[in-house]
Every structure is written in C-alpha cells, then in structure tokens.
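**Student:** Below is a structure I'd like to ask you about.
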Amino acid sequence: MNDTTKAPFPPVLTRHGQAETCADPSSVMRLLGESGQSGNGFTSYRSTFAEGAVGAPAHFHTRASELLFVLGGALRVLVDEEVTVLHEGDFLAIPPYTPHAFAAAPGSTADVLFVFDRAMDRFAYLRLLGRVMRGEADPKEIAESAERFDNHYIESSAWRAALEVV
C-alpha cells in the first residue's frame, strides 16, 4: 500500500474463543467483528437460532446492506413480500430499503452468518436486543434507537401469515 492510500479500518481478527456472546431465550449471537466509522467498515456476527425461533420482525435499513449466509439448518426469510426458506450454503444479499425478516424454519434450527456493509455500532444494538428479550430493558428502547442503529420496523401481512403456518 502506498503512502497516499489508507485503509478505511484496520484488519480485524476475532478468535472463536474470544468472541463476545449475547443470548436471549431463542438464540445465541457470537459478535465476530465490527470496525470503521458509520459509512465505512462492517459488522459481522453469527446467530444460532433454536428450533422454530423467530429472529427478527419485518424491518429495513436505510444505510446498510445486510448479507446472510446459512451455515447450517434452515432459515425462513421475508424479502419484500415474498417468504422463502434458505438452507445450508444459501446466501442472500439485502440492499437498503428492502423489507426483510427472518426466523428458523419450522422444525429446524438455523446457524447464520450476518454481515452489514456499514459499521453502525450494531453490537450495542444486539446487546440491547438481548436485554429486552430477557426482560432486563424496556422494549421502547428498541423503537427509540431506530435511527441510531438503522433498524426501521414495519408491519408485514406476508410475514405475519408465514409465522402462523407451522
């Protein structure tokens, strides 16, 4: 690299045994790496969902793309108004402003690698989410943090109907 070119963030290495974990009643999230400023950098974490666990309600991001890679099991996803199931080895890239949601597929667990193409202190969001799911924080904190963490929740009749089917 020459003197006039600077990397947007330094290399990030997280050893498996050193990754912070956040847990709630339905999943365990292993925080792998987060670097850079808003607009540069990335966030990456791995979520392991219990059988049939709901991961995230319908939402969208305005500034970040979200990438999902299914490491094991099966993940039911909403993209726009279409619901499909991703299986081990499947990859999905969700651009900004695209409504999406995810949950372990019925009768299945899911192990998923998530990557966001913008660093936005998402680890703080995941920690907050875990506290809310465990009853240690008020759910209104999630709504109040929408702009900070670029998580904008919406209603989706397609997702609601999919969750009613077991």
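Scheme for the structure tokens: letters A, B, ... for chains in order shown; per-chain residue numbers from 1; ligand numbers from 1 in order shown.
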What are the closest atom pairs, with distances in Å to one decimal, for each residue of segment 16-122 of chain A lying within 7 Å of segment 140-164 of chain A, using only C-alpha atoms, rows by chain and rising residue number, as a Markdown table?
**Tutor:**
```
| residue | atom | partner | partner_atom | distance |
| --- | --- | --- | --- | --- |
| A:Ala58 | CA | A:Ile154 | CA | 5.6 |
| A:His59 | CA | A:Tyr153 | CA | 4.1 |
| A:Phe60 | CA | A:His152 | CA | 5.4 |
| A:His61 | CA | A:Asp150 | CA | 5.3 |
| A:Thr62 | CA | A:Asp150 | CA | 6.3 |
| A:Arg63 | CA | A:Asp150 | CA | 6.8 |
| A:Leu78 | CA | A:Trp159 | CA | 6.3 |
| A:Glu81 | CA | A:Ala158 | CA | 5.8 |
| A:Met120 | CA | A:Phe149 | CA | 6.0 |
| A:Asp121 | CA | A:Phe149 | CA | 6.9 |
| A:Arg122 | CA | A:Phe149 | CA | 6.2 |
```
**Student:** As a VMD selection string, please: every residue in chain A that DSSP puts in helix (DSSP H, G or I).
**Tutor:** chain A and resid 16 to 18 122 to 133 140 to 144 146 to 149 157 to 164
**Student:** Now that the selection is made, can you save its residues with N, CA and C atoms as an mmCIF file, in the first residue's frame?
**Tutor:**
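Heads up, here's the output in again-v4.cif:
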```
data_model
loop_
_atom_site.group_PDB
_atom_site.id
_atom_site.type_symbol
_atom_site.label_atom_id
_atom_site.label_comp_id
_atom_site.auth_asym_id
_atom_site.auth_seq_id
_atom_site.Cartn_x
_atom_site.Cartn_y
_atom_site.Cartn_z
ATOM 1 N N HIS A 16 -12.247 -17.542 17.851
ATOM 2 C CA HIS A 16 -13.529 -18.138 18.246
ATOM 3 C C HIS A 16 -13.770 -18.044 19.748
ATOM 4 N N GLY A 17 -12.799 -18.421 20.538
ATOM 5 C CA GLY A 17 -12.970 -18.433 21.994
ATOM 6 C C GLY A 17 -12.993 -17.059 22.629
ATOM 7 N N GLN A 18 -12.639 -16.027 21.866
ATOM 8 C CA GLN A 18 -12.606 -14.670 22.413
ATOM 9 C C GLN A 18 -13.800 -13.823 21.988
ATOM 10 N N ARG A 122 -23.638 -1.770 15.744
ATOM 11 C CA ARG A 122 -24.679 -2.797 15.834
ATOM 12 C C ARG A 122 -24.474 -3.730 17.020
ATOM 13 N N PHE A 123 -23.238 -3.879 17.460
ATOM 14 C CA PHE A 123 -23.030 -4.716 18.635
ATOM 15 C C PHE A 123 -23.802 -4.142 19.820
ATOM 16 N N ALA A 124 -23.831 -2.816 19.940
ATOM 17 C CA ALA A 124 -24.613 -2.182 21.013
ATOM 18 C C ALA A 124 -26.097 -2.505 20.833
ATOM 19 N N TYR A 125 -26.570 -2.516 19.582
ATOM 20 C CA TYR A 125 -27.964 -2.865 19.313
ATOM 21 C C TYR A 125 -28.236 -4.319 19.716
ATOM 22 N N LEU A 126 -27.344 -5.235 19.355
ATOM 23 C CA LEU A 126 -27.549 -6.647 19.690
ATOM 24 C C LEU A 126 -27.550 -6.862 21.195
ATOM 25 N N ARG A 127 -26.697 -6.144 21.905
ATOM 26 C CA ARG A 127 -26.697 -6.231 23.371
ATOM 27 C C ARG A 127 -28.019 -5.719 23.931
ATOM 28 N N LEU A 128 -28.508 -4.590 23.405
ATOM 29 C CA LEU A 128 -29.797 -4.041 23.829
ATOM 30 C C LEU A 128 -30.919 -5.033 23.536
ATOM 31 N N LEU A 129 -30.921 -5.596 22.353
ATOM 32 C CA LEU A 129 -31.949 -6.563 21.977
ATOM 33 C C LEU A 129 -31.964 -7.746 22.943
ATOM 34 N N GLY A 130 -30.801 -8.252 23.286
ATOM 35 C CA GLY A 130 -30.720 -9.355 24.249
ATOM 36 C C GLY A 130 -31.297 -8.970 25.597
ATOM 37 N N ARG A 131 -30.997 -7.753 26.071
ATOM 38 C CA ARG A 131 -31.545 -7.287 27.354
ATOM 39 C C ARG A 131 -33.068 -7.171 27.299
ATOM 40 N N VAL A 132 -33.593 -6.687 26.181
ATOM 41 C CA VAL A 132 -35.052 -6.574 26.033
ATOM 42 C C VAL A 132 -35.678 -7.963 26.022
ATOM 43 N N MET A 133 -35.102 -8.888 25.259
ATOM 44 C CA MET A 133 -35.655 -10.243 25.164
ATOM 45 C C MET A 133 -35.617 -10.971 26.504
ATOM 46 N N LYS A 140 -39.434 -0.265 24.514
ATOM 47 C CA LYS A 140 -39.497 1.033 23.829
ATOM 48 C C LYS A 140 -38.104 1.549 23.468
ATOM 49 N N GLU A 141 -37.066 1.025 24.152
ATOM 50 C CA GLU A 141 -35.697 1.425 23.811
ATOM 51 C C GLU A 141 -35.330 0.998 22.393
ATOM 52 N N ILE A 142 -35.898 -0.102 21.935
ATOM 53 C CA ILE A 142 -35.651 -0.560 20.560
ATOM 54 C C ILE A 142 -36.224 0.460 19.580
ATOM 55 N N ALA A 143 -37.485 0.849 19.779
ATOM 56 C CA ALA A 143 -38.111 1.830 18.885
ATOM 57 C C ALA A 143 -37.372 3.169 18.917
ATOM 58 N N GLU A 144 -36.936 3.569 20.088
ATOM 59 C CA GLU A 144 -36.242 4.848 20.222
ATOM 60 C C GLU A 144 -34.858 4.842 19.574
ATOM 61 N N ALA A 146 -34.146 3.430 16.574
ATOM 62 C CA ALA A 146 -34.276 3.098 15.149
ATOM 63 C C ALA A 146 -33.276 3.846 14.274
ATOM 64 N N GLU A 147 -33.166 5.134 14.441
ATOM 65 C CA GLU A 147 -32.270 5.914 13.599
ATOM 66 C C GLU A 147 -30.807 5.619 13.927
ATOM 67 N N ARG A 148 -30.493 5.534 15.201
ATOM 68 C CA ARG A 148 -29.103 5.277 15.608
ATOM 69 C C ARG A 148 -28.562 3.984 15.016
ATOM 70 N N PHE A 149 -29.380 2.922 15.066
ATOM 71 C CA PHE A 149 -28.916 1.623 14.613
ATOM 72 C C PHE A 149 -29.411 1.256 13.206
ATOM 73 N N SER A 157 -47.967 -8.142 6.375
ATOM 74 C CA SER A 157 -49.002 -9.177 6.438
ATOM 75 C C SER A 157 -48.461 -10.508 5.919
ATOM 76 N N ALA A 158 -47.558 -10.476 4.942
ATOM 77 C CA ALA A 158 -46.976 -11.719 4.419
ATOM 78 C C ALA A 158 -46.159 -12.422 5.499
ATOM 79 N N TRP A 159 -45.387 -11.660 6.278
ATOM 80 C CA TRP A 159 -44.573 -12.267 7.336
ATOM 81 C C TRP A 159 -45.456 -12.775 8.471
ATOM 82 N N ARG A 160 -46.455 -11.995 8.842
ATOM 83 C CA ARG A 160 -47.384 -12.428 9.893
ATOM 84 C C ARG A 160 -48.059 -13.739 9.495
ATOM 85 N N ALA A 161 -48.512 -13.833 8.238
ATOM 86 C CA ALA A 161 -49.170 -15.057 7.766
ATOM 87 C C ALA A 161 -48.183 -16.237 7.759
ATOM 88 N N ALA A 162 -46.939 -15.992 7.369
ATOM 89 C CA ALA A 162 -45.944 -17.068 7.345
ATOM 90 C C ALA A 162 -45.667 -17.614 8.743
ATOM 91 N N LEU A 163 -45.632 -16.735 9.720
ATOM 92 C CA LEU A 163 -45.370 -17.177 11.084
ATOM 93 C C LEU A 163 -46.516 -17.969 11.690
ATOM 94 N N GLU A 164 -47.710 -17.797 11.143
ATOM 95 C CA GLU A 164 -48.874 -18.552 11.633
ATOM 96 C C GLU A 164 -48.860 -19.977 11.106
#
```
**Student:** I need the strand (DSSP E or B) residues of segment 37-82 of chain A per DSSP on the backbone, written as a PDB file with all heavy atoms, in the first residue's frame.
**Tutor:**
```pdb
ATOM      1  N   PHE A  42     -17.651  -2.379   8.680  1.00  0.00           N
ATOM      2  CA  PHE A  42     -18.562  -3.519   8.600  1.00  0.00           C
ATOM      3  C   PHE A  42     -18.953  -3.940  10.011  1.00  0.00           C
ATOM      4  O   PHE A  42     -18.352  -3.533  10.997  1.00  0.00           O
ATOM      5  CB  PHE A  42     -17.878  -4.702   7.894  1.00  0.00           C
ATOM      6  CG  PHE A  42     -16.800  -5.311   8.752  1.00  0.00           C
ATOM      7  CD1 PHE A  42     -17.073  -6.401   9.560  1.00  0.00           C
ATOM      8  CD2 PHE A  42     -15.526  -4.760   8.786  1.00  0.00           C
ATOM      9  CE1 PHE A  42     -16.086  -6.938  10.382  1.00  0.00           C
ATOM     10  CE2 PHE A  42     -14.539  -5.293   9.601  1.00  0.00           C
ATOM     11  CZ  PHE A  42     -14.815  -6.381  10.400  1.00  0.00           C
ATOM     12  N   THR A  43     -19.955  -4.792  10.081  1.00  0.00           N
ATOM     13  CA  THR A  43     -20.323  -5.503  11.299  1.00  0.00           C
ATOM     14  C   THR A  43     -20.589  -6.946  10.898  1.00  0.00           C
ATOM     15  O   THR A  43     -21.243  -7.195   9.884  1.00  0.00           O
ATOM     16  CB  THR A  43     -21.599  -4.916  11.940  1.00  0.00           C
ATOM     17  OG1 THR A  43     -21.363  -3.563  12.305  1.00  0.00           O
ATOM     18  CG2 THR A  43     -22.016  -5.704  13.172  1.00  0.00           C
ATOM     19  N   SER A  44     -20.104  -7.900  11.693  1.00  0.00           N
ATOM     20  CA  SER A  44     -20.356  -9.305  11.409  1.00  0.00           C
ATOM     21  C   SER A  44     -20.611 -10.048  12.707  1.00  0.00           C
ATOM     22  O   SER A  44     -19.903  -9.856  13.694  1.00  0.00           O
ATOM     23  CB  SER A  44     -19.165  -9.926  10.675  1.00  0.00           C
ATOM     24  OG  SER A  44     -19.450 -11.277  10.362  1.00  0.00           O
ATOM     25  N   TYR A  45     -21.630 -10.897  12.682  1.00  0.00           N
ATOM     26  CA  TYR A  45     -21.925 -11.747  13.827  1.00  0.00           C
ATOM     27  C   TYR A  45     -22.555 -13.040  13.337  1.00  0.00           C
ATOM     28  O   TYR A  45     -23.037 -13.133  12.203  1.00  0.00           O
ATOM     29  CB  TYR A  45     -22.816 -11.040  14.856  1.00  0.00           C
ATOM     30  CG  TYR A  45     -24.173 -10.635  14.350  1.00  0.00           C
ATOM     31  CD1 TYR A  45     -25.287 -11.446  14.540  1.00  0.00           C
ATOM     32  CD2 TYR A  45     -24.360  -9.420  13.697  1.00  0.00           C
ATOM     33  CE1 TYR A  45     -26.544 -11.073  14.087  1.00  0.00           C
ATOM     34  CE2 TYR A  45     -25.608  -9.032  13.243  1.00  0.00           C
ATOM     35  CZ  TYR A  45     -26.686  -9.864  13.441  1.00  0.00           C
ATOM     36  OH  TYR A  45     -27.928  -9.489  12.986  1.00  0.00           O
ATOM     37  N   ARG A  46     -22.531 -14.031  14.202  1.00  0.00           N
ATOM     38  CA  ARG A  46     -23.104 -15.339  13.893  1.00  0.00           C
ATOM     39  C   ARG A  46     -24.222 -15.605  14.878  1.00  0.00           C
ATOM     40  O   ARG A  46     -24.030 -15.475  16.086  1.00  0.00           O
ATOM     41  CB  ARG A  46     -22.017 -16.400  14.026  1.00  0.00           C
ATOM     42  CG  ARG A  46     -22.459 -17.803  13.740  1.00  0.00           C
ATOM     43  CD  ARG A  46     -21.278 -18.750  13.865  1.00  0.00           C
ATOM     44  NE  ARG A  46     -21.664 -20.120  13.586  1.00  0.00           N
ATOM     45  CZ  ARG A  46     -20.804 -21.116  13.503  1.00  0.00           C
ATOM     46  NH1 ARG A  46     -19.503 -20.892  13.679  1.00  0.00           N
ATOM     47  NH2 ARG A  46     -21.233 -22.332  13.243  1.00  0.00           N
ATOM     48  N   SER A  47     -25.387 -15.953  14.368  1.00  0.00           N
ATOM     49  CA  SER A  47     -26.538 -16.269  15.219  1.00  0.00           C
ATOM     50  C   SER A  47     -26.920 -17.728  15.063  1.00  0.00           C
ATOM     51  O   SER A  47     -27.017 -18.236  13.948  1.00  0.00           O
ATOM     52  CB  SER A  47     -27.748 -15.409  14.850  1.00  0.00           C
ATOM     53  OG  SER A  47     -27.571 -14.085  15.263  1.00  0.00           O
ATOM     54  N   THR A  48     -27.129 -18.361  16.193  1.00  0.00           N
ATOM     55  CA  THR A  48     -27.623 -19.730  16.221  1.00  0.00           C
ATOM     56  C   THR A  48     -29.015 -19.682  16.832  1.00  0.00           C
ATOM     57  O   THR A  48     -29.179 -19.281  17.985  1.00  0.00           O
ATOM     58  CB  THR A  48     -26.700 -20.628  17.065  1.00  0.00           C
ATOM     59  OG1 THR A  48     -25.371 -20.513  16.550  1.00  0.00           O
ATOM     60  CG2 THR A  48     -27.148 -22.069  17.014  1.00  0.00           C
ATOM     61  N   PHE A  49     -30.010 -20.050  16.032  1.00  0.00           N
ATOM     62  CA  PHE A  49     -31.406 -19.974  16.450  1.00  0.00           C
ATOM     63  C   PHE A  49     -31.912 -21.340  16.887  1.00  0.00           C
ATOM     64  O   PHE A  49     -31.669 -22.344  16.219  1.00  0.00           O
ATOM     65  CB  PHE A  49     -32.295 -19.469  15.302  1.00  0.00           C
ATOM     66  CG  PHE A  49     -31.930 -18.101  14.816  1.00  0.00           C
ATOM     67  CD1 PHE A  49     -31.118 -17.934  13.708  1.00  0.00           C
ATOM     68  CD2 PHE A  49     -32.386 -16.977  15.477  1.00  0.00           C
ATOM     69  CE1 PHE A  49     -30.772 -16.675  13.263  1.00  0.00           C
ATOM     70  CE2 PHE A  49     -32.044 -15.707  15.036  1.00  0.00           C
ATOM     71  CZ  PHE A  49     -31.234 -15.558  13.929  1.00  0.00           C
ATOM     72  N   VAL A  54     -38.071 -17.230  16.309  1.00  0.00           N
ATOM     73  CA  VAL A  54     -38.226 -16.033  15.488  1.00  0.00           C
ATOM     74  C   VAL A  54     -36.986 -15.176  15.681  1.00  0.00           C
ATOM     75  O   VAL A  54     -36.587 -14.882  16.804  1.00  0.00           O
ATOM     76  CB  VAL A  54     -39.499 -15.249  15.870  1.00  0.00           C
ATOM     77  CG1 VAL A  54     -39.584 -13.955  15.090  1.00  0.00           C
ATOM     78  CG2 VAL A  54     -40.728 -16.107  15.631  1.00  0.00           C
ATOM     79  N   GLY A  55     -36.366 -14.776  14.593  1.00  0.00           N
ATOM     80  CA  GLY A  55     -35.153 -13.987  14.673  1.00  0.00           C
ATOM     81  C   GLY A  55     -35.417 -12.499  14.712  1.00  0.00           C
ATOM     82  O   GLY A  55     -35.118 -11.831  15.689  1.00  0.00           O
ATOM     83  N   ALA A  56     -35.988 -11.956  13.657  1.00  0.00           N
ATOM     84  CA  ALA A  56     -36.238 -10.513  13.587  1.00  0.00           C
ATOM     85  C   ALA A  56     -37.568 -10.261  12.905  1.00  0.00           C
ATOM     86  O   ALA A  56     -37.878 -10.886  11.889  1.00  0.00           O
ATOM     87  CB  ALA A  56     -35.130  -9.803  12.824  1.00  0.00           C
ATOM     88  N   PRO A  57     -38.351  -9.326  13.443  1.00  0.00           N
ATOM     89  CA  PRO A  57     -39.593  -8.953  12.772  1.00  0.00           C
ATOM     90  C   PRO A  57     -39.289  -8.177  11.492  1.00  0.00           C
ATOM     91  O   PRO A  57     -38.130  -7.813  11.231  1.00  0.00           O
ATOM     92  CB  PRO A  57     -40.307  -8.071  13.810  1.00  0.00           C
ATOM     93  CG  PRO A  57     -39.216  -7.539  14.664  1.00  0.00           C
ATOM     94  CD  PRO A  57     -38.136  -8.578  14.680  1.00  0.00           C
ATOM     95  N   ALA A  58     -40.303  -7.911  10.716  1.00  0.00           N
ATOM     96  CA  ALA A  58     -40.130  -7.180   9.461  1.00  0.00           C
ATOM     97  C   ALA A  58     -39.522  -5.804   9.735  1.00  0.00           C
ATOM     98  O   ALA A  58     -39.968  -5.080  10.629  1.00  0.00           O
ATOM     99  CB  ALA A  58     -41.459  -7.054   8.739  1.00  0.00           C
ATOM    100  N   HIS A  59     -38.500  -5.482   8.965  1.00  0.00           N
ATOM    101  CA  HIS A  59     -37.788  -4.212   9.125  1.00  0.00           C
ATOM    102  C   HIS A  59     -36.988  -3.926   7.853  1.00  0.00           C
ATOM    103  O   HIS A  59     -36.913  -4.755   6.955  1.00  0.00           O
ATOM    104  CB  HIS A  59     -36.848  -4.263  10.335  1.00  0.00           C
ATOM    105  CG  HIS A  59     -35.706  -5.218  10.193  1.00  0.00           C
ATOM    106  ND1 HIS A  59     -35.865  -6.591  10.273  1.00  0.00           N
ATOM    107  CD2 HIS A  59     -34.391  -5.008   9.956  1.00  0.00           C
ATOM    108  CE1 HIS A  59     -34.697  -7.174  10.111  1.00  0.00           C
ATOM    109  NE2 HIS A  59     -33.774  -6.241   9.902  1.00  0.00           N
ATOM    110  N   PHE A  60     -36.382  -2.758   7.808  1.00  0.00           N
ATOM    111  CA  PHE A  60     -35.469  -2.431   6.715  1.00  0.00           C
ATOM    112  C   PHE A  60     -34.378  -1.520   7.257  1.00  0.00           C
ATOM    113  O   PHE A  60     -34.480  -0.986   8.361  1.00  0.00           O
ATOM    114  CB  PHE A  60     -36.200  -1.779   5.529  1.00  0.00           C
ATOM    115  CG  PHE A  60     -36.825  -0.449   5.840  1.00  0.00           C
ATOM    116  CD1 PHE A  60     -36.121   0.737   5.634  1.00  0.00           C
ATOM    117  CD2 PHE A  60     -38.117  -0.371   6.328  1.00  0.00           C
ATOM    118  CE1 PHE A  60     -36.695   1.964   5.931  1.00  0.00           C
ATOM    119  CE2 PHE A  60     -38.699   0.857   6.626  1.00  0.00           C
ATOM    120  CZ  PHE A  60     -37.984   2.027   6.425  1.00  0.00           C
ATOM    121  N   GLU A  66     -27.453  -5.839   4.097  1.00  0.00           N
ATOM    122  CA  GLU A  66     -27.298  -6.941   5.041  1.00  0.00           C
ATOM    123  C   GLU A  66     -27.090  -8.223   4.245  1.00  0.00           C
ATOM    124  O   GLU A  66     -27.858  -8.520   3.328  1.00  0.00           O
ATOM    125  CB  GLU A  66     -28.540  -7.055   5.931  1.00  0.00           C
ATOM    126  CG  GLU A  66     -28.441  -8.091   7.007  1.00  0.00           C
ATOM    127  CD  GLU A  66     -29.612  -8.046   7.987  1.00  0.00           C
ATOM    128  OE1 GLU A  66     -30.509  -7.187   7.846  1.00  0.00           O
ATOM    129  OE2 GLU A  66     -29.630  -8.886   8.896  1.00  0.00           O
ATOM    130  N   LEU A  67     -26.040  -8.962   4.594  1.00  0.00           N
ATOM    131  CA  LEU A  67     -25.703 -10.195   3.903  1.00  0.00           C
ATOM    132  C   LEU A  67     -25.898 -11.359   4.863  1.00  0.00           C
ATOM    133  O   LEU A  67     -25.458 -11.295   6.017  1.00  0.00           O
ATOM    134  CB  LEU A  67     -24.253 -10.153   3.431  1.00  0.00           C
ATOM    135  CG  LEU A  67     -23.827  -8.871   2.708  1.00  0.00           C
ATOM    136  CD1 LEU A  67     -22.340  -8.886   2.453  1.00  0.00           C
ATOM    137  CD2 LEU A  67     -24.608  -8.671   1.435  1.00  0.00           C
ATOM    138  N   LEU A  68     -26.551 -12.425   4.400  1.00  0.00           N
ATOM    139  CA  LEU A  68     -26.800 -13.605   5.218  1.00  0.00           C
ATOM    140  C   LEU A  68     -26.226 -14.824   4.512  1.00  0.00           C
ATOM    141  O   LEU A  68     -26.433 -14.998   3.307  1.00  0.00           O
ATOM    142  CB  LEU A  68     -28.297 -13.850   5.407  1.00  0.00           C
ATOM    143  CG  LEU A  68     -29.124 -12.906   6.242  1.00  0.00           C
ATOM    144  CD1 LEU A  68     -29.399 -11.618   5.513  1.00  0.00           C
ATOM    145  CD2 LEU A  68     -30.430 -13.568   6.582  1.00  0.00           C
ATOM    146  N   PHE A  69     -25.537 -15.676   5.276  1.00  0.00           N
ATOM    147  CA  PHE A  69     -25.043 -16.940   4.758  1.00  0.00           C
ATOM    148  C   PHE A  69     -25.442 -18.016   5.763  1.00  0.00           C
ATOM    149  O   PHE A  69     -25.072 -17.934   6.936  1.00  0.00           O
ATOM    150  CB  PHE A  69     -23.521 -16.916   4.574  1.00  0.00           C
ATOM    151  CG  PHE A  69     -22.985 -18.192   3.996  1.00  0.00           C
ATOM    152  CD1 PHE A  69     -23.139 -18.488   2.656  1.00  0.00           C
ATOM    153  CD2 PHE A  69     -22.339 -19.108   4.810  1.00  0.00           C
ATOM    154  CE1 PHE A  69     -22.653 -19.673   2.128  1.00  0.00           C
ATOM    155  CE2 PHE A  69     -21.846 -20.300   4.294  1.00  0.00           C
ATOM    156  CZ  PHE A  69     -22.004 -20.581   2.939  1.00  0.00           C
ATOM    157  N   VAL A  70     -26.192 -19.004   5.300  1.00  0.00           N
ATOM    158  CA  VAL A  70     -26.681 -20.059   6.188  1.00  0.00           C
ATOM    159  C   VAL A  70     -25.597 -21.128   6.335  1.00  0.00           C
ATOM    160  O   VAL A  70     -25.237 -21.810   5.374  1.00  0.00           O
ATOM    161  CB  VAL A  70     -28.002 -20.671   5.674  1.00  0.00           C
ATOM    162  CG1 VAL A  70     -28.487 -21.765   6.617  1.00  0.00           C
ATOM    163  CG2 VAL A  70     -29.067 -19.581   5.523  1.00  0.00           C
ATOM    164  N   LEU A  71     -25.077 -21.228   7.550  1.00  0.00           N
ATOM    165  CA  LEU A  71     -24.021 -22.194   7.858  1.00  0.00           C
ATOM    166  C   LEU A  71     -24.590 -23.578   8.161  1.00  0.00           C
ATOM    167  O   LEU A  71     -23.918 -24.594   7.957  1.00  0.00           O
ATOM    168  CB  LEU A  71     -23.213 -21.712   9.058  1.00  0.00           C
ATOM    169  CG  LEU A  71     -22.500 -20.371   8.867  1.00  0.00           C
ATOM    170  CD1 LEU A  71     -22.028 -19.821  10.205  1.00  0.00           C
ATOM    171  CD2 LEU A  71     -21.353 -20.521   7.901  1.00  0.00           C
ATOM    172  N   GLY A  72     -25.827 -23.628   8.661  1.00  0.00           N
ATOM    173  CA  GLY A  72     -26.452 -24.899   8.997  1.00  0.00           C
ATOM    174  C   GLY A  72     -27.934 -24.705   9.251  1.00  0.00           C
ATOM    175  O   GLY A  72     -28.390 -23.604   9.546  1.00  0.00           O
ATOM    176  N   GLY A  73     -28.694 -25.764   9.115  1.00  0.00           N
ATOM    177  CA  GLY A  73     -30.131 -25.700   9.362  1.00  0.00           C
ATOM    178  C   GLY A  73     -30.865 -25.007   8.228  1.00  0.00           C
ATOM    179  O   GLY A  73     -30.435 -25.024   7.081  1.00  0.00           O
ATOM    180  N   ALA A  74     -31.975 -24.376   8.592  1.00  0.00           N
ATOM    181  CA  ALA A  74     -32.805 -23.705   7.590  1.00  0.00           C
ATOM    182  C   ALA A  74     -33.375 -22.419   8.186  1.00  0.00           C
ATOM    183  O   ALA A  74     -33.805 -22.400   9.342  1.00  0.00           O
ATOM    184  CB  ALA A  74     -33.940 -24.624   7.139  1.00  0.00           C
ATOM    185  N   LEU A  75     -33.381 -21.371   7.389  1.00  0.00           N
ATOM    186  CA  LEU A  75     -33.832 -20.054   7.822  1.00  0.00           C
ATOM    187  C   LEU A  75     -34.970 -19.596   6.918  1.00  0.00           C
ATOM    188  O   LEU A  75     -34.819 -19.527   5.694  1.00  0.00           O
ATOM    189  CB  LEU A  75     -32.669 -19.051   7.736  1.00  0.00           C
ATOM    190  CG  LEU A  75     -32.931 -17.676   8.299  1.00  0.00           C
ATOM    191  CD1 LEU A  75     -32.952 -17.722   9.832  1.00  0.00           C
ATOM    192  CD2 LEU A  75     -31.860 -16.686   7.827  1.00  0.00           C
ATOM    193  N   ARG A  76     -36.112 -19.315   7.532  1.00  0.00           N
ATOM    194  CA  ARG A  76     -37.238 -18.740   6.786  1.00  0.00           C
ATOM    195  C   ARG A  76     -37.013 -17.239   6.723  1.00  0.00           C
ATOM    196  O   ARG A  76     -36.710 -16.608   7.733  1.00  0.00           O
ATOM    197  CB  ARG A  76     -38.552 -19.078   7.487  1.00  0.00           C
ATOM    198  CG  ARG A  76     -39.757 -18.543   6.769  1.00  0.00           C
ATOM    199  CD  ARG A  76     -41.070 -19.086   7.261  1.00  0.00           C
ATOM    200  NE  ARG A  76     -41.121 -19.344   8.681  1.00  0.00           N
ATOM    201  CZ  ARG A  76     -42.183 -19.843   9.306  1.00  0.00           C
ATOM    202  NH1 ARG A  76     -43.266 -20.144   8.632  1.00  0.00           N
ATOM    203  NH2 ARG A  76     -42.173 -20.033  10.599  1.00  0.00           N
ATOM    204  N   VAL A  77     -37.134 -16.651   5.520  1.00  0.00           N
ATOM    205  CA  VAL A  77     -36.898 -15.221   5.350  1.00  0.00           C
ATOM    206  C   VAL A  77     -38.018 -14.565   4.561  1.00  0.00           C
ATOM    207  O   VAL A  77     -38.638 -15.176   3.696  1.00  0.00           O
ATOM    208  CB  VAL A  77     -35.545 -14.928   4.649  1.00  0.00           C
ATOM    209  CG1 VAL A  77     -34.376 -15.405   5.478  1.00  0.00           C
ATOM    210  CG2 VAL A  77     -35.496 -15.512   3.259  1.00  0.00           C
ATOM    211  N   LEU A  78     -38.231 -13.316   4.906  1.00  0.00           N
ATOM    212  CA  LEU A  78     -39.097 -12.424   4.140  1.00  0.00           C
ATOM    213  C   LEU A  78     -38.181 -11.476   3.395  1.00  0.00           C
ATOM    214  O   LEU A  78     -37.261 -10.903   3.995  1.00  0.00           O
ATOM    215  CB  LEU A  78     -39.997 -11.616   5.092  1.00  0.00           C
ATOM    216  CG  LEU A  78     -40.725 -10.425   4.466  1.00  0.00           C
ATOM    217  CD1 LEU A  78     -41.936 -10.901   3.668  1.00  0.00           C
ATOM    218  CD2 LEU A  78     -41.156  -9.444   5.550  1.00  0.00           C
ATOM    219  N   VAL A  79     -38.412 -11.285   2.093  1.00  0.00           N
ATOM    220  CA  VAL A  79     -37.725 -10.277   1.298  1.00  0.00           C
ATOM    221  C   VAL A  79     -38.806  -9.585   0.484  1.00  0.00           C
ATOM    222  O   VAL A  79     -39.479 -10.222  -0.320  1.00  0.00           O
ATOM    223  CB  VAL A  79     -36.648 -10.881   0.379  1.00  0.00           C
ATOM    224  CG1 VAL A  79     -35.986  -9.784  -0.448  1.00  0.00           C
ATOM    225  CG2 VAL A  79     -35.605 -11.639   1.191  1.00  0.00           C
ATOM    226  N   GLU A  82     -42.173 -11.502  -0.237  1.00  0.00           N
ATOM    227  CA  GLU A  82     -42.017 -12.917  -0.552  1.00  0.00           C
ATOM    228  C   GLU A  82     -41.319 -13.643   0.603  1.00  0.00           C
ATOM    229  O   GLU A  82     -40.301 -13.181   1.104  1.00  0.00           O
ATOM    230  CB  GLU A  82     -41.200 -13.098  -1.829  1.00  0.00           C
ATOM    231  CG  GLU A  82     -41.066 -14.537  -2.257  1.00  0.00           C
ATOM    232  CD  GLU A  82     -40.258 -14.692  -3.534  1.00  0.00           C
ATOM    233  OE1 GLU A  82     -40.209 -13.740  -4.335  1.00  0.00           O
ATOM    234  OE2 GLU A  82     -39.670 -15.774  -3.713  1.00  0.00           O
TER     235      GLU A  82
END
```
**Student:** From the list A:Pro96, A:Ala19, A:Ala105, A:Leu31, which residue is nearest Ser65 of chain A when using only C-alpha atoms?
**Tutor:**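 Going through A:Pro96, A:Ala19, A:Ala105, A:Leu31 one by one, the smallest distance to Ser65 of chain A is for A:Pro96.
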